[in-house]
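Data file: model_12.pdb. Format and content: PDB, C-alpha atoms and all ligand atoms.
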```
MODEL        1
ATOM      1  CA  MET A   3      -6.244  34.838  -7.847  1.00  0.00           C
ATOM      2  CA  THR A   4      -7.954  37.718  -9.642  1.00  0.00           C
ATOM      3  CA  ARG A   5      -9.144  40.753  -7.775  1.00  0.00           C
ATOM      4  CA  GLY A   6     -12.443  40.559  -9.557  1.00  0.00           C
ATOM      5  CA  HIS A   7     -14.320  43.074 -11.638  1.00  0.00           C
ATOM      6  CA  LEU A   8     -17.502  45.122 -11.571  1.00  0.00           C
ATOM      7  CA  LEU A   9     -20.329  43.252 -13.276  1.00  0.00           C
ATOM      8  CA  VAL A  10     -22.953  45.643 -14.647  1.00  0.00           C
ATOM      9  CA  THR A  11     -26.147  44.046 -15.931  1.00  0.00           C
ATOM     10  CA  GLY A  12     -29.061  45.415 -17.942  1.00  0.00           C
ATOM     11  CA  PHE A  13     -32.056  43.689 -19.532  1.00  0.00           C
ATOM     12  CA  GLY A  14     -33.296  43.258 -23.065  1.00  0.00           C
ATOM     13  CA  PRO A  15     -36.881  43.868 -24.263  1.00  0.00           C
ATOM     14  CA  PHE A  16     -39.942  42.133 -22.808  1.00  0.00           C
ATOM     15  CA  PRO A  17     -43.682  42.225 -23.528  1.00  0.00           C
ATOM     16  CA  GLY A  18     -44.812  45.858 -23.268  1.00  0.00           C
ATOM     17  CA  MET A  19     -41.226  47.205 -23.369  1.00  0.00           C
ATOM     18  CA  PRO A  20     -39.906  46.862 -26.929  1.00  0.00           C
ATOM     19  CA  ARG A  21     -36.769  48.859 -26.110  1.00  0.00           C
ATOM     20  CA  ASN A  22     -35.352  48.496 -22.663  1.00  0.00           C
ATOM     21  CA  PRO A  23     -33.555  51.638 -21.394  1.00  0.00           C
ATOM     22  CA  SER A  24     -31.674  49.536 -18.841  1.00  0.00           C
ATOM     23  CA  GLU A  25     -29.666  48.029 -21.696  1.00  0.00           C
ATOM     24  CA  THR A  26     -28.723  51.502 -22.933  1.00  0.00           C
ATOM     25  CA  LEU A  27     -27.767  52.639 -19.451  1.00  0.00           C
ATOM     26  CA  ALA A  28     -25.701  49.515 -18.698  1.00  0.00           C
ATOM     27  CA  ARG A  29     -23.793  50.056 -21.953  1.00  0.00           C
ATOM     28  CA  GLN A  30     -23.240  53.745 -21.152  1.00  0.00           C
ATOM     29  CA  VAL A  31     -21.817  52.809 -17.757  1.00  0.00           C
ATOM     30  CA  GLY A  32     -19.661  50.231 -19.543  1.00  0.00           C
ATOM     31  CA  ARG A  33     -18.278  52.940 -21.804  1.00  0.00           C
ATOM     32  CA  ILE A  34     -17.576  55.352 -18.950  1.00  0.00           C
ATOM     33  CA  GLY A  35     -15.776  52.568 -17.079  1.00  0.00           C
ATOM     34  CA  ARG A  36     -13.980  51.059 -20.056  1.00  0.00           C
ATOM     35  CA  HIS A  37     -10.585  51.834 -18.547  1.00  0.00           C
ATOM     36  CA  GLY A  38     -11.675  50.519 -15.161  1.00  0.00           C
ATOM     37  CA  ILE A  39     -13.352  51.974 -12.085  1.00  0.00           C
ATOM     38  CA  ALA A  40     -11.418  52.353  -8.819  1.00  0.00           C
ATOM     39  CA  GLY A  41      -8.773  50.083 -10.365  1.00  0.00           C
ATOM     40  CA  PHE A  42     -11.219  47.286 -11.228  1.00  0.00           C
ATOM     41  CA  PRO A  43     -12.144  46.244 -14.763  1.00  0.00           C
ATOM     42  CA  LEU A  44     -15.798  46.388 -15.730  1.00  0.00           C
ATOM     43  CA  ARG A  45     -17.888  43.819 -17.561  1.00  0.00           C
ATOM     44  CA  THR A  46     -21.295  44.490 -19.034  1.00  0.00           C
ATOM     45  CA  LEU A  47     -23.869  41.752 -19.415  1.00  0.00           C
ATOM     46  CA  ILE A  48     -27.244  42.244 -21.104  1.00  0.00           C
ATOM     47  CA  LEU A  49     -29.619  39.560 -19.914  1.00  0.00           C
ATOM     48  CA  PRO A  50     -32.546  38.473 -22.063  1.00  0.00           C
ATOM     49  CA  THR A  51     -35.698  39.071 -19.998  1.00  0.00           C
ATOM     50  CA  ALA A  52     -36.306  35.351 -19.676  1.00  0.00           C
ATOM     51  CA  TYR A  53     -36.294  33.037 -16.664  1.00  0.00           C
ATOM     52  CA  ALA A  54     -33.890  30.721 -18.494  1.00  0.00           C
ATOM     53  CA  ALA A  55     -31.285  33.517 -18.571  1.00  0.00           C
ATOM     54  CA  ILE A  56     -30.792  33.191 -14.799  1.00  0.00           C
ATOM     55  CA  PRO A  57     -29.223  29.693 -14.897  1.00  0.00           C
ATOM     56  CA  GLU A  58     -27.816  30.087 -18.398  1.00  0.00           C
ATOM     57  CA  MET A  59     -26.229  33.559 -18.226  1.00  0.00           C
ATOM     58  CA  LEU A  60     -26.406  35.174 -14.803  1.00  0.00           C
ATOM     59  CA  LYS A  61     -25.214  32.134 -12.856  1.00  0.00           C
ATOM     60  CA  PRO A  62     -22.056  31.635 -14.983  1.00  0.00           C
ATOM     61  CA  ALA A  63     -21.313  35.377 -14.772  1.00  0.00           C
ATOM     62  CA  LEU A  64     -21.556  35.218 -10.969  1.00  0.00           C
ATOM     63  CA  ALA A  65     -19.323  32.141 -10.956  1.00  0.00           C
ATOM     64  CA  GLU A  66     -16.556  34.368 -12.359  1.00  0.00           C
ATOM     65  CA  ARG A  67     -16.464  35.946  -8.904  1.00  0.00           C
ATOM     66  CA  PRO A  68     -17.093  39.632  -9.595  1.00  0.00           C
ATOM     67  CA  ALA A  69     -15.966  42.041  -6.861  1.00  0.00           C
ATOM     68  CA  ALA A  70     -19.398  43.721  -7.044  1.00  0.00           C
ATOM     69  CA  VAL A  71     -22.598  43.374  -9.062  1.00  0.00           C
ATOM     70  CA  LEU A  72     -24.620  46.383 -10.157  1.00  0.00           C
ATOM     71  CA  MET A  73     -27.913  45.451 -11.802  1.00  0.00           C
ATOM     72  CA  ILE A  74     -30.230  47.760 -13.750  1.00  0.00           C
ATOM     73  CA  GLY A  75     -33.785  47.192 -14.955  1.00  0.00           C
ATOM     74  CA  VAL A  76     -36.693  49.334 -16.083  1.00  0.00           C
ATOM     75  CA  ALA A  77     -39.836  49.725 -13.965  1.00  0.00           C
ATOM     76  CA  GLY A  78     -42.743  50.543 -16.291  1.00  0.00           C
ATOM     77  CA  ARG A  79     -44.557  52.881 -13.918  1.00  0.00           C
ATOM     78  CA  ALA A  80     -41.642  54.408 -12.025  1.00  0.00           C
ATOM     79  CA  LYS A  81     -41.178  58.154 -12.090  1.00  0.00           C
ATOM     80  CA  ARG A  82     -37.914  58.089 -10.171  1.00  0.00           C
ATOM     81  CA  VAL A  83     -34.858  55.876  -9.991  1.00  0.00           C
ATOM     82  CA  ARG A  84     -35.561  53.259  -7.310  1.00  0.00           C
ATOM     83  CA  VAL A  85     -32.804  51.818  -5.194  1.00  0.00           C
ATOM     84  CA  GLU A  86     -34.004  48.302  -4.418  1.00  0.00           C
ATOM     85  CA  ALA A  87     -33.183  47.287  -0.859  1.00  0.00           C
ATOM     86  CA  ARG A  88     -34.200  43.635  -1.179  1.00  0.00           C
ATOM     87  CA  ALA A  89     -35.415  40.786  -3.331  1.00  0.00           C
ATOM     88  CA  VAL A  90     -38.023  38.251  -2.271  1.00  0.00           C
ATOM     89  CA  ASN A  91     -38.204  34.507  -2.849  1.00  0.00           C
ATOM     90  CA  ARG A  92     -41.354  34.924  -4.899  1.00  0.00           C
ATOM     91  CA  THR A  93     -42.473  35.131  -8.455  1.00  0.00           C
ATOM     92  CA  SER A  94     -45.767  35.701 -10.229  1.00  0.00           C
ATOM     93  CA  ARG A  95     -47.483  33.593 -12.836  1.00  0.00           C
ATOM     94  CA  LEU A  96     -49.267  36.563 -14.392  1.00  0.00           C
ATOM     95  CA  PHE A  97     -46.582  37.848 -16.742  1.00  0.00           C
ATOM     96  CA  PRO A  98     -44.864  35.730 -19.378  1.00  0.00           C
ATOM     97  CA  ASP A  99     -41.190  36.443 -20.027  1.00  0.00           C
ATOM     98  CA  ALA A 100     -39.725  37.530 -23.370  1.00  0.00           C
ATOM     99  CA  SER A 101     -39.722  33.913 -24.543  1.00  0.00           C
ATOM    100  CA  GLY A 102     -43.416  33.525 -23.645  1.00  0.00           C
ATOM    101  CA  ARG A 103     -42.696  31.350 -20.605  1.00  0.00           C
ATOM    102  CA  MET A 104     -44.016  31.598 -17.066  1.00  0.00           C
ATOM    103  CA  PRO A 105     -41.962  30.623 -14.028  1.00  0.00           C
ATOM    104  CA  ALA A 106     -42.464  27.004 -13.052  1.00  0.00           C
ATOM    105  CA  LYS A 107     -43.101  27.722  -9.361  1.00  0.00           C
ATOM    106  CA  LEU A 108     -44.125  30.617  -7.153  1.00  0.00           C
ATOM    107  CA  ARG A 109     -41.049  30.208  -4.950  1.00  0.00           C
ATOM    108  CA  LEU A 110     -37.833  31.036  -6.779  1.00  0.00           C
ATOM    109  CA  ASP A 111     -35.687  28.800  -4.585  1.00  0.00           C
ATOM    110  CA  ARG A 112     -37.359  26.028  -2.649  1.00  0.00           C
ATOM    111  CA  ASP A 113     -34.622  25.986  -0.023  1.00  0.00           C
ATOM    112  CA  GLY A 114     -33.811  29.692  -0.049  1.00  0.00           C
ATOM    113  CA  PRO A 115     -34.727  32.349   2.539  1.00  0.00           C
ATOM    114  CA  ALA A 116     -37.908  34.442   2.205  1.00  0.00           C
ATOM    115  CA  GLN A 117     -35.862  37.490   1.213  1.00  0.00           C
ATOM    116  CA  ARG A 118     -32.317  38.693   0.680  1.00  0.00           C
ATOM    117  CA  ARG A 119     -31.236  42.244   1.429  1.00  0.00           C
ATOM    118  CA  ALA A 120     -28.624  44.532  -0.072  1.00  0.00           C
ATOM    119  CA  THR A 121     -26.050  45.981   2.296  1.00  0.00           C
ATOM    120  CA  ILE A 122     -25.249  49.040   0.241  1.00  0.00           C
ATOM    121  CA  ALA A 123     -28.629  50.573  -0.662  1.00  0.00           C
ATOM    122  CA  ASP A 124     -28.495  53.580   1.696  1.00  0.00           C
ATOM    123  CA  ARG A 125     -25.060  54.651   0.532  1.00  0.00           C
ATOM    124  CA  ALA A 126     -26.068  54.241  -3.110  1.00  0.00           C
ATOM    125  CA  LEU A 127     -29.103  56.465  -2.564  1.00  0.00           C
ATOM    126  CA  VAL A 128     -26.906  59.214  -1.146  1.00  0.00           C
ATOM    127  CA  ALA A 129     -24.445  58.881  -4.043  1.00  0.00           C
ATOM    128  CA  LEU A 130     -27.188  59.097  -6.687  1.00  0.00           C
ATOM    129  CA  ARG A 131     -28.692  62.188  -5.088  1.00  0.00           C
ATOM    130  CA  ARG A 132     -25.297  63.811  -4.828  1.00  0.00           C
ATOM    131  CA  HIS A 133     -24.941  63.296  -8.586  1.00  0.00           C
ATOM    132  CA  GLY A 134     -28.248  65.067  -9.230  1.00  0.00           C
ATOM    133  CA  VAL A 135     -30.554  62.050  -9.560  1.00  0.00           C
ATOM    134  CA  ALA A 136     -33.837  62.137  -7.633  1.00  0.00           C
ATOM    135  CA  ALA A 137     -33.578  58.539  -6.459  1.00  0.00           C
ATOM    136  CA  ILE A 138     -35.920  56.973  -3.892  1.00  0.00           C
ATOM    137  CA  PRO A 139     -35.588  53.860  -1.723  1.00  0.00           C
ATOM    138  CA  SER A 140     -37.734  50.832  -2.559  1.00  0.00           C
ATOM    139  CA  ALA A 141     -38.396  47.557  -0.776  1.00  0.00           C
ATOM    140  CA  ASN A 142     -40.323  46.018  -3.647  1.00  0.00           C
ATOM    141  CA  ALA A 143     -38.476  44.960  -6.801  1.00  0.00           C
ATOM    142  CA  GLY A 144     -41.649  43.321  -8.141  1.00  0.00           C
ATOM    143  CA  ARG A 145     -42.301  39.642  -8.907  1.00  0.00           C
ATOM    144  CA  TYR A 146     -40.814  39.464 -12.373  1.00  0.00           C
ATOM    145  CA  LEU A 147     -37.358  38.991 -13.868  1.00  0.00           C
ATOM    146  CA  CYS A 148     -35.694  41.847 -12.006  1.00  0.00           C
ATOM    147  CA  ASN A 149     -36.653  40.495  -8.603  1.00  0.00           C
ATOM    148  CA  ALA A 150     -35.783  36.929  -9.678  1.00  0.00           C
ATOM    149  CA  SER A 151     -32.317  37.917 -10.950  1.00  0.00           C
ATOM    150  CA  TYR A 152     -31.674  40.121  -7.938  1.00  0.00           C
ATOM    151  CA  PHE A 153     -32.669  37.329  -5.555  1.00  0.00           C
ATOM    152  CA  ARG A 154     -30.145  35.013  -7.232  1.00  0.00           C
ATOM    153  CA  ALA A 155     -27.336  37.603  -7.299  1.00  0.00           C
ATOM    154  CA  LEU A 156     -27.861  38.527  -3.627  1.00  0.00           C
ATOM    155  CA  ALA A 157     -26.887  34.964  -2.725  1.00  0.00           C
ATOM    156  CA  GLU A 158     -23.290  36.023  -3.475  1.00  0.00           C
ATOM    157  CA  THR A 159     -21.115  37.463  -0.726  1.00  0.00           C
ATOM    158  CA  CYS A 160     -19.910  40.502  -2.710  1.00  0.00           C
ATOM    159  CA  PRO A 161     -21.801  43.828  -2.751  1.00  0.00           C
ATOM    160  CA  VAL A 162     -24.873  43.510  -4.998  1.00  0.00           C
ATOM    161  CA  LEU A 163     -27.388  46.224  -5.814  1.00  0.00           C
ATOM    162  CA  PHE A 164     -30.366  46.635  -8.118  1.00  0.00           C
ATOM    163  CA  LEU A 165     -31.524  49.960  -9.586  1.00  0.00           C
ATOM    164  CA  HIS A 166     -34.910  50.267 -11.255  1.00  0.00           C
ATOM    165  CA  ILE A 167     -35.091  53.170 -13.699  1.00  0.00           C
ATOM    166  CA  PRO A 168     -38.186  54.848 -15.169  1.00  0.00           C
ATOM    167  CA  PRO A 169     -38.936  54.277 -18.858  1.00  0.00           C
ATOM    168  CA  ALA A 170     -38.796  57.985 -19.690  1.00  0.00           C
ATOM    169  CA  LYS A 171     -36.009  60.360 -18.863  1.00  0.00           C
ATOM    170  CA  PRO A 172     -37.312  63.539 -17.203  1.00  0.00           C
ATOM    171  CA  GLY A 173     -38.488  61.953 -13.942  1.00  0.00           C
ATOM    172  CA  TRP A 174     -35.113  61.023 -12.603  1.00  0.00           C
ATOM    173  CA  ARG A 175     -33.680  64.535 -12.705  1.00  0.00           C
ATOM    174  CA  ARG A 176     -33.512  66.389  -9.473  1.00  0.00           C
ATOM    175  CA  ARG A 177     -34.243  70.047  -9.138  1.00  0.00           C
ATOM    176  CA  ILE A 178     -30.702  71.156  -9.069  1.00  0.00           C
ATOM    177  CA  GLY A 179     -28.570  74.222  -8.766  1.00  0.00           C
ATOM    178  CA  PRO A 180     -27.105  76.174 -11.679  1.00  0.00           C
ATOM    179  CA  ALA A 181     -23.740  74.397 -11.552  1.00  0.00           C
ATOM    180  CA  LEU A 182     -25.297  71.000 -12.234  1.00  0.00           C
ATOM    181  CA  LYS A 183     -27.735  72.435 -14.751  1.00  0.00           C
ATOM    182  CA  GLN A 184     -24.911  73.355 -17.068  1.00  0.00           C
ATOM    183  CA  ARG A 185     -23.954  69.727 -17.452  1.00  0.00           C
ATOM    184  CA  ASP A 186     -25.330  67.591 -20.230  1.00  0.00           C
ATOM    185  CA  PRO A 187     -28.513  66.154 -18.625  1.00  0.00           C
ATOM    186  CA  SER A 188     -28.352  62.918 -20.607  1.00  0.00           C
ATOM    187  CA  ALA A 189     -24.962  62.238 -19.007  1.00  0.00           C
ATOM    188  CA  THR A 190     -26.234  62.684 -15.435  1.00  0.00           C
ATOM    189  CA  LEU A 191     -27.707  59.222 -14.935  1.00  0.00           C
ATOM    190  CA  PRO A 192     -24.831  57.217 -16.496  1.00  0.00           C
ATOM    191  CA  ARG A 193     -22.335  59.216 -14.422  1.00  0.00           C
ATOM    192  CA  ALA A 194     -24.360  58.810 -11.253  1.00  0.00           C
ATOM    193  CA  VAL A 195     -24.726  55.046 -11.775  1.00  0.00           C
ATOM    194  CA  THR A 196     -20.996  54.766 -12.456  1.00  0.00           C
ATOM    195  CA  GLY A 197     -20.512  56.565  -9.133  1.00  0.00           C
ATOM    196  CA  VAL A 198     -22.597  53.861  -7.449  1.00  0.00           C
ATOM    197  CA  GLY A 199     -20.388  51.215  -9.059  1.00  0.00           C
ATOM    198  CA  ARG A 200     -17.336  52.991  -7.683  1.00  0.00           C
ATOM    199  CA  LEU A 201     -18.641  53.053  -4.142  1.00  0.00           C
ATOM    200  CA  MET A 202     -19.520  49.350  -4.360  1.00  0.00           C
ATOM    201  CA  LEU A 203     -15.982  48.534  -5.462  1.00  0.00           C
ATOM    202  CA  VAL A 204     -14.505  50.604  -2.649  1.00  0.00           C
ATOM    203  CA  ALA A 205     -16.757  48.703  -0.226  1.00  0.00           C
ATOM    204  CA  ALA A 206     -15.674  45.399  -1.792  1.00  0.00           C
ATOM    205  CA  ARG A 207     -12.011  46.266  -1.371  1.00  0.00           C
ATOM    206  CA  ARG A 208     -12.544  47.251   2.240  1.00  0.00           C
ATOM    207  CA  ARG A 209     -14.242  43.925   2.931  1.00  0.00           C
ATOM    208  CA  ASN A 210     -11.630  41.944   1.104  1.00  0.00           C
ATOM    209  CA  PRO A 211      -8.252  43.702   0.975  1.00  0.00           C
ATOM    210  CA  ALA A 212      -6.066  42.046  -1.692  1.00  0.00           C
TER     211      ALA A 212
HETATM  212  N1  LIG B 301     -37.648  45.156 -15.912  1.00  0.00           N
HETATM  213  C1  LIG B 301     -38.412  43.982 -15.568  1.00  0.00           C
HETATM  214  C2  LIG B 301     -37.614  42.830 -16.091  1.00  0.00           C
HETATM  215  C3  LIG B 301     -36.606  43.399 -17.016  1.00  0.00           C
HETATM  216  C4  LIG B 301     -36.632  44.844 -16.754  1.00  0.00           C
HETATM  217  O1  LIG B 301     -35.870  45.682 -17.257  1.00  0.00           O
HETATM  218  C5  LIG B 301     -38.709  43.903 -14.062  1.00  0.00           C
HETATM  219  O2  LIG B 301     -38.863  44.951 -13.433  1.00  0.00           O
HETATM  220  O3  LIG B 301     -38.803  42.808 -13.516  1.00  0.00           O
ENDMDL
END
```
File written out as structure tokens:
Amino acid sequence: MTRGHLLVTGFGPFPGMPRNPSETLARQVGRIGRHGIAGFPLRTLILPTAYAAIPEMLKPALAERPAAVLMIGVAGRAKRVRVEARAVNRTSRLFPDASGRMPAKLRLDRDGPAQRRATIADRALVALRRHGVAAIPSANAGRYLCNASYFRALAETCPVLFLHIPPAKPGWRRRIGPALKQRDPSATLPRAVTGVGRLMLVAARRRNPA
């Protein structure tokens, strides 16, 4: 039996977002963790922003039994990194996906619960802030692909968390002391998110000692 891995997901472009910074960030985290994090290997998956990607790509990736799943998406109007505490069993028929399709139904899963909650959001918020990122808690991941993917991933028993990032960089930086200021600011967010991955893996190991 494998001990699992950290699955880090980002999204590709979608209408109104020709370049998705969540893809860049997921790849940066992948590079930082290329030799493993907390003894676990890391896998990066960039999902097309399309409803079909959930059964075709996310579901098979979850079937590989990751030890933890860290998901990243962009929120067009966010000024801060948002730690998403839950996903709802809802979608919207207002916004077509990257393939021009709308979801078939307003409920994501006919037999699923109204919402699914993350167990690790509070700790992740603390870790991000400690790394110099002005993150805020959120209970609304939207009604689009991020919420839909998160809702599916939260059906797994391992730690799962979704981070929404702002499209532009400056907003996520905290007002920080001189020591942190000396660091390369563009490295702050990838390092902080890698730190969240680490704490998820530690939590996974505690839940499920090998
Ligand atoms: N953001 C969108 C989908 C893909 C992404 O990066 C969302 O918030 O649903």
Find, counting only C-alpha atoms and all ligand atoms, the residue in A:Arg79, A:Arg103, A:Arg154, A:Arg45 that gets nearest to ligand LIG 301 (chain B). A:Arg79
If the limit is 10 Å from any atom of ligand LIG 301 (chain B), counting only C-alpha atoms and all ligand atoms, which residues qualify? Return them as a PyMOL selection string. chain A and resi 11-17+19+21-25+49-53+73-80+93+97+99-100+142-152+165-169
Residue neighbourhood Val128 in chain A, 12 Å, only C-alpha atoms, exclusion window fewer than 3 positions, as a short mmCIF file (atom, residue, chain, number, x, y, z; two decimals) with C-alpha atoms, in the frame of the given file:
```cif
data_model
loop_
_atom_site.label_atom_id
_atom_site.label_comp_id
_atom_site.auth_asym_id
_atom_site.auth_seq_id
_atom_site.Cartn_x
_atom_site.Cartn_y
_atom_site.Cartn_z
CA VAL A 85 -32.80 51.82 -5.19
CA ILE A 122 -25.25 49.04 0.24
CA ALA A 123 -28.63 50.57 -0.66
CA ASP A 124 -28.50 53.58 1.70
CA ARG A 125 -25.06 54.65 0.53
CA ARG A 131 -28.69 62.19 -5.09
CA ARG A 132 -25.30 63.81 -4.83
CA HIS A 133 -24.94 63.30 -8.59
CA GLY A 134 -28.25 65.07 -9.23
CA VAL A 135 -30.55 62.05 -9.56
CA ALA A 136 -33.84 62.14 -7.63
CA ALA A 137 -33.58 58.54 -6.46
CA ILE A 138 -35.92 56.97 -3.89
CA PRO A 139 -35.59 53.86 -1.72
CA ALA A 194 -24.36 58.81 -11.25
CA VAL A 195 -24.73 55.05 -11.78
CA GLY A 197 -20.51 56.56 -9.13
CA VAL A 198 -22.60 53.86 -7.45
CA LEU A 201 -18.64 53.05 -4.14
#
```
For the provided coordinates, the residues matched by the PyMOL selection byres (((chain A and resi 5) around 9) and not hetatm) should be stated as a count of residues only. 10
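Closest approach to Phe164 in chain A from the set A:Val10, A:Gly102, A:Leu110, A:Thr196 is made by A:Val10, with distances taken over only C-alpha atoms.
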Explicit residue set for the PyMOL selection byres (((chain A and resi 39) around 10) and not hetatm), as a PyMOL selection string: chain A and resi 7-8+32+34-38+40-44+196-197+199-201+203-204
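CA of Val162 in chain A sits 10.1 Å away from CA of Arg88 in chain A.
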CA of Leu96 in chain A sits from CA of Arg112 in chain A at a separation of 19.8 Å
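Considering all atoms listed in the file, the residue among A:Leu156, A:Leu47, A:Met59, A:Ala189 positioned nearest to Ala87 in chain A is A:Leu156.
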Using Å and a single decimal, report how far CA of Pro20 in chain A sits from CA of Ala70 in chain A.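 The value is 28.7 Å.
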A:Leu64, A:Ala157, A:Val31, A:Ile56 ranked by distance to Thr190 in chain A, top pick (using all atoms listed in the file):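 Checking each of A:Leu64, A:Ala157, A:Val31, A:Ile56 against Thr190 in chain A, counting all atoms listed in the file, the winner is A:Val31.
Using all atoms listed in the file, the shortest contact distance between Ala106 in chain A and any of A:Ala141, A:Ala54, A:Met202, A:Ala89 is found at A:Ala54.
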From A:Phe153, A:Asp113, A:Arg119, A:Leu163, residue lying nearest Arg92 in chain A [all atoms listed in the file]: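 For Arg92 in chain A, the nearest of the candidates is A:Phe153.
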